[in-house]
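Taking it in order: structure first as structure tokens, then the write-up.
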Amino acid sequence: MRLIKMSLLFGTLLGYVSAAYAVPHCTVLAELQSKADTNIISMNSPAKSQFDLQGRLIYRPLLVEEKSHWLGFELYQAKAKLNKTLSTTNEYSVPFAVKISNSSGEVLDYRFNAKLKMADQQKLIALYRAFHRAKQPENLQGGKYRVKERDDIGQYKSLYTVLADNKLMRNKLSYIEPTDTRRSTNAAKNVMQLETANVISDEFTFESDKCWLTKTLGNSHIKVNSRDGNMDIEVLQTLSLNRKYQSIPDDARLLHLPDDPNQWPYLSADWVYPKAPPQPLKSAEAFITALKSMDWLEGDRKDILQFLYDNDQHLQSLKALISTKAMADPLESKLFMYLGKHDSVNSKQLLTEAFVEQDLFSPNQRFRSLMALKYSEKPLTVSQVEAIFEYSMSYGLDEENSTLAHSALMVMGAIAKNQRGSEFATQLTQTLADNLSFSATESKASALITALGNSGDSEHQQLIGDYLAVDSPRLRVNAAEALAKMPSKSSLNYLSTQLSQETDSKAQGAILKAMGNNKLDAEQVDSIYAFAGSNHSRDIRSAAISALSQQAKSQPQVKSRLKALVKTETNQKNLRQLMKALYGS
């Protein structure tokens with residue numbers, strides 16, 4: 001029911017109003033207040049709820065690109081109340097960014113300054129929808145224009161009226177059809193199977209200047225019912241936004257984030273979703289006893305993670321339990337996974353020790369500890385990082401331990417990606433790069449290149465790109481696969497240059513696939529198409545088809561080339577690949 005309330009209360013019913021194109025240096029602050037009263041009749045039983053949201057909304061233009069621009073928002077000191085009870089989470093206070101098409105004005109993407117639950121992402125998306133307007137047609141006559149728009153309830157018609165003094169009025173007229181539940185991401189919508197909503201009234205007025213909105217006032221009254229007739233929902237909402245011509249608080253997070261939202265470091269999950277103080281068991285012995293009685297295979301995920309959170313101080317006592325192999329293998333596997341997801345200093349210390357102490361733990365347990373560390377979204381301690389690198393960069397290991405050591409390096413890259421943009425991630429990728437610069441063996445260089453690719457840190461593209469030209473085909477493959485994970489003009493230049501002189505078939509395939517992750521120009525498309533001909537091996541043709549298929553999404557003219565390949569391709573796997581690119585799954 002809470003999902004239903006949040007989706008219908010705020011945002012879905014506000015509709016789309018507008019954010020002007022980004023104007024540099026236009027960082028503004030406005031007071032926001034929204035109130036929604038919801039009346040629900042479920043199985044003939046009435047219920048009422050009230051949702052209040054207020055705070056100071058900060059707007060800031062961000063990165064401007066060739067075909068799009070980003071806008072940043074933060075609801076500073078947000079207060080959300082449901083039935084006058086203040087929320088204990090901070091999801092509304094998380095800064096977020098919206099990517100807008102320069103040509104159509106449509107929303108292309110969103111970024112959030114924290115790893116939010118999907119329902120909470122939708123709340124912030126709904127918050128933005130309150131201030132996004134449909135683009136005004138060119139050569140508008142009569143001062144009015146009608147558009148079709150869509151929200152979580154369905155597609156609807158809106159009437160925009162351009163008024164004097166930079167004012168705009170929007171009226172949501174009627175819903176045309178309900179949202180297609182087969183494609184809807186709204187869980188409540190899927191469960192309820194809502195009918196087309198009925199717009200009783202909906203009117204919002206907006207005043208703006210060259211920067212952004214200066215004032216917004218509006219109200220909405222919408223009714224919707226489930227298809228089975230067992231539920232009726234009525235929502236009445238009011239919203240106001242008023243620009244405040246005052247300095248923006250220095251501690252507003254949005255002010256200190258990079259212009260590129262893809263480089264935003266994540267806020268701590270503990271800040272977004274704060275937990276109550278832990279309630280540990282009285283002793284480590286009691287903790288072990290309780291742990292052994294739990295259902296780790298089928299138990300509730302939240303309950304298990306809460307159990308580990310409450311007893312974080314006792315986690316070190318698990319070391320003896322694990323080392324003696326006292327747990328059945330499937331249970332031990334689950335335990336490692338939950339220790340990784342728990343993501344505390346103590347859990348990571350236990351996992352680090354399980355990896356580096358080869359005499360105490362089996363190879364299988366040590367590998368599981370690495371897979372658990374991949375979940376880390378909080379920094380490892382300096383000593384934990386040093387212990388993993390000291391082992392992983394040591395020489396003279398046998399084959400099994402070498403494999404584990406190289407896996408650990410790759411995991412460190414994945415951990416850096418989890419914490420992209422943070423100081424910890426920057427230091428971690430720099431350590432990987434430093435070790436790569438001085439690596440003495442091909443196998444370690446291979447693992448380090450892959451680790452840097454896993455991190456996605458584009459700061460080290462040049463170092464990786466240099467490995468495209470080394471003598472070892474294995475390292476050239478690794479370099480191409482790493483650059484595939486950090487598409488950019490720089491990495492594409494490295495790849496396209498090497499493609500023209502590459503002789504190893506595996507390296508050629510890796511380069512072709514990596515190039516496909518970028519937007520290619522006509523000459524680059526031609527160079528890849530040349531590898532899709534019948535004079536090349538099946539795997540090379542497959543790699544070229546893969547790269548061309550990715551271009552077909554943004555360059556429709558590439559489809560004609562894929563259709564031509566259907567006539568010449570003889571391998572069934574490659575044919576299926578072509579047909580999927582042309583006609584979908």
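Residue names in the structure tokens use chain letters A, B, ... in the order shown, residue numbers from 1 in each chain, and ligand numbers from 1 in the order shown.
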Residue neighbourhood Leu116 (chain A), 12 Å, only C-alpha atoms, exclusion window fewer than 3 positions, as a JSON list (two decimals) with N, CA, C and O atoms, in the first residue's frame:
[["chain", "number", "residue", "atom", "x", "y", "z"],
["A", 89, "THR", "N", 13.85, 8.03, 6.97],
["A", 89, "THR", "CA", 14.86, 7.89, 5.91],
["A", 89, "THR", "C", 15.07, 9.24, 5.22],
["A", 89, "THR", "O", 14.29, 10.17, 5.38],
["A", 90, "ASN", "N", 16.14, 9.33, 4.46],
["A", 90, "ASN", "CA", 16.54, 10.60, 3.85],
["A", 90, "ASN", "C", 16.49, 10.56, 2.33],
["A", 90, "ASN", "O", 17.20, 11.30, 1.66],
["A", 91, "GLU", "N", 15.65, 9.69, 1.75],
["A", 91, "GLU", "CA", 15.66, 9.54, 0.31],
["A", 91, "GLU", "C", 15.33, 10.82, -0.44],
["A", 91, "GLU", "O", 15.86, 11.09, -1.53],
["A", 92, "TYR", "N", 14.46, 11.67, 0.13],
["A", 92, "TYR", "CA", 14.09, 12.90, -0.56],
["A", 92, "TYR", "C", 15.22, 13.94, -0.54],
["A", 92, "TYR", "O", 15.21, 14.89, -1.31],
["A", 93, "SER", "N", 16.19, 13.76, 0.34],
["A", 93, "SER", "CA", 17.30, 14.72, 0.44],
["A", 93, "SER", "C", 18.49, 14.34, -0.43],
["A", 93, "SER", "O", 19.49, 15.05, -0.44],
["A", 94, "VAL", "N", 18.39, 13.26, -1.18],
["A", 94, "VAL", "CA", 19.49, 12.80, -2.03],
["A", 94, "VAL", "C", 19.53, 13.66, -3.30],
["A", 94, "VAL", "O", 18.53, 13.75, -4.02],
["A", 95, "PRO", "N", 20.67, 14.30, -3.63],
["A", 95, "PRO", "CA", 20.77, 15.03, -4.90],
["A", 95, "PRO", "C", 20.58, 14.08, -6.08],
["A", 95, "PRO", "O", 20.96, 12.91, -6.02],
["A", 96, "PHE", "N", 19.99, 14.61, -7.14],
["A", 96, "PHE", "CA", 19.81, 13.79, -8.34],
["A", 96, "PHE", "C", 19.93, 14.67, -9.58],
["A", 96, "PHE", "O", 19.86, 15.91, -9.49],
["A", 111, "ARG", "N", 20.26, 10.29, -12.84],
["A", 111, "ARG", "CA", 21.34, 9.80, -11.98],
["A", 111, "ARG", "C", 21.03, 10.23, -10.55],
["A", 111, "ARG", "O", 20.50, 11.32, -10.31],
["A", 112, "PHE", "N", 21.40, 9.38, -9.59],
["A", 112, "PHE", "CA", 21.13, 9.65, -8.19],
["A", 112, "PHE", "C", 22.44, 9.61, -7.40],
["A", 112, "PHE", "O", 23.33, 8.83, -7.71],
["A", 113, "ASN", "N", 22.52, 10.43, -6.37],
["A", 113, "ASN", "CA", 23.74, 10.55, -5.58],
["A", 113, "ASN", "C", 23.84, 9.46, -4.51],
["A", 113, "ASN", "O", 24.61, 9.59, -3.57],
["A", 119, "ALA", "N", 11.76, 2.14, -5.61],
["A", 119, "ALA", "CA", 10.60, 2.96, -5.23],
["A", 119, "ALA", "C", 11.03, 4.37, -4.86],
["A", 119, "ALA", "O", 10.31, 5.34, -5.15],
["A", 120, "ASP", "N", 12.21, 4.51, -4.26],
["A", 120, "ASP", "CA", 12.69, 5.84, -3.86],
["A", 120, "ASP", "C", 13.24, 6.61, -5.05],
["A", 120, "ASP", "O", 13.17, 7.85, -5.09],
["A", 121, "GLN", "N", 13.79, 5.90, -6.04],
["A", 121, "GLN", "CA", 14.16, 6.57, -7.28],
["A", 121, "GLN", "C", 12.92, 7.19, -7.92],
["A", 121, "GLN", "O", 12.96, 8.33, -8.42],
["A", 122, "GLN", "N", 11.82, 6.44, -7.91],
["A", 122, "GLN", "CA", 10.59, 6.94, -8.50],
["A", 122, "GLN", "C", 10.06, 8.18, -7.79],
["A", 122, "GLN", "O", 9.46, 9.06, -8.41],
["A", 123, "LYS", "N", 10.31, 8.29, -6.50],
["A", 123, "LYS", "CA", 9.87, 9.48, -5.76],
["A", 123, "LYS", "C", 10.61, 10.73, -6.27],
["A", 123, "LYS", "O", 10.00, 11.79, -6.46],
["A", 124, "LEU", "N", 11.92, 10.61, -6.49],
["A", 124, "LEU", "CA", 12.68, 11.75, -6.97],
["A", 124, "LEU", "C", 12.37, 12.05, -8.43],
["A", 124, "LEU", "O", 12.35, 13.22, -8.84],
["A", 125, "ILE", "N", 12.13, 11.02, -9.21],
["A", 125, "ILE", "CA", 11.70, 11.24, -10.60],
["A", 125, "ILE", "C", 10.38, 11.99, -10.62],
["A", 125, "ILE", "O", 10.18, 12.93, -11.40],
["A", 266, "TYR", "N", 28.85, 8.07, -4.42],
["A", 266, "TYR", "CA", 27.60, 7.74, -3.74],
["A", 266, "TYR", "C", 27.65, 8.17, -2.27],
["A", 266, "TYR", "O", 28.67, 8.04, -1.60],
["A", 267, "LEU", "N", 26.52, 8.66, -1.79],
["A", 267, "LEU", "CA", 26.35, 8.88, -0.36],
["A", 267, "LEU", "C", 26.28, 7.53, 0.34],
["A", 267, "LEU", "O", 25.89, 6.52, -0.25],
["A", 268, "SER", "N", 26.62, 7.51, 1.61],
["A", 268, "SER", "CA", 26.58, 6.28, 2.39],
["A", 268, "SER", "C", 25.15, 5.77, 2.50],
["A", 268, "SER", "O", 24.21, 6.55, 2.76],
["A", 269, "ALA", "N", 24.98, 4.48, 2.30],
["A", 269, "ALA", "CA", 23.65, 3.88, 2.46],
["A", 269, "ALA", "C", 23.16, 4.04, 3.90],
["A", 269, "ALA", "O", 21.94, 4.15, 4.14],
["A", 270, "ASP", "N", 24.08, 4.09, 4.85],
["A", 270, "ASP", "CA", 23.68, 4.27, 6.25],
["A", 270, "ASP", "C", 23.09, 5.65, 6.49],
["A", 270, "ASP", "O", 22.28, 5.83, 7.39],
["A", 271, "TRP", "N", 23.51, 6.64, 5.68],
["A", 271, "TRP", "CA", 22.92, 7.97, 5.82],
["A", 271, "TRP", "C", 21.54, 8.02, 5.18],
["A", 271, "TRP", "O", 20.60, 8.58, 5.74],
["A", 272, "VAL", "N", 21.41, 7.41, 4.01],
["A", 272, "VAL", "CA", 20.11, 7.43, 3.33],
["A", 272, "VAL", "C", 19.08, 6.62, 4.10],
["A", 272, "VAL", "O", 17.94, 7.06, 4.28],
["A", 273, "TYR", "N", 19.48, 5.45, 4.54],
["A", 273, "TYR", "CA", 18.57, 4.56, 5.26],
["A", 273, "TYR", "C", 19.15, 4.25, 6.64],
["A", 273, "TYR", "O", 19.65, 3.15, 6.88]]
For Lys81 (chain A): contacts at 9 Å, only C-alpha atoms, fewer than 2 positions along chain excluded, given as a list in words:
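Non-adjacent residues within range: Gln50, Phe51, Asp52, Leu53, Lys79, Asn83, Lys84, Thr85, Leu86 and Ser87 of chain A.
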Contacts of region 71-111 of chain A with region 209-224 of chain A up to 12 Å, shortest pair per row, only C-alpha atoms, as JSON lines:
{"residue": "A:Leu71", "atom": "CA", "partner": "A:Trp212", "partner_atom": "CA", "distance": 10.8}
{"residue": "A:Gly72", "atom": "CA", "partner": "A:Trp212", "partner_atom": "CA", "distance": 11.9}
{"residue": "A:Phe73", "atom": "CA", "partner": "A:Trp212", "partner_atom": "CA", "distance": 11.9}
Tell me which protein, DNA and RNA residues are within 9 Å of region 546-557 of chain A, counting only C-alpha atoms, leaving out same-chain ones fewer than 4 positions away, and put them as number ranges by chain.
A: 512-520, 525, 528-529, 541-542, 561-562, 577-578, 580-582
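In this structure, CA of Tyr110 (chain A) sits 15.3 Å away from CA of Asp151 (chain A).
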So which residues of region 382-479 of chain A fall under helix (DSSP H, G or I) by DSSP, listed as a ChimeraX atom specification?
/A:382-392,399-418,423-437,442-455,458-469,473-479
Find the residues near Asp232 (chain A): any atom within 8 Å, counting only C-alpha atoms, skip ones fewer than 5 places away on the same chain, and give them as a ChimeraX atom specification.
/A:40-42,223-226
Contacts of Pro473 (chain A) at 12 Å (only C-alpha atoms; same-chain gap of 5+ positions) as a ChimeraX atom specification
/A:442,446,467-468,478-480,502-511
At what distance in Å, to one decimal, does CA of Leu57 (chain A) lie from CA of Ala130 (chain A)?
12.0 Å
Kindly give the distance, in Å, that separates CA of Gly413 (chain A) and CA of Leu452 (chain A), rounded to a single decimal.
5.6 Å
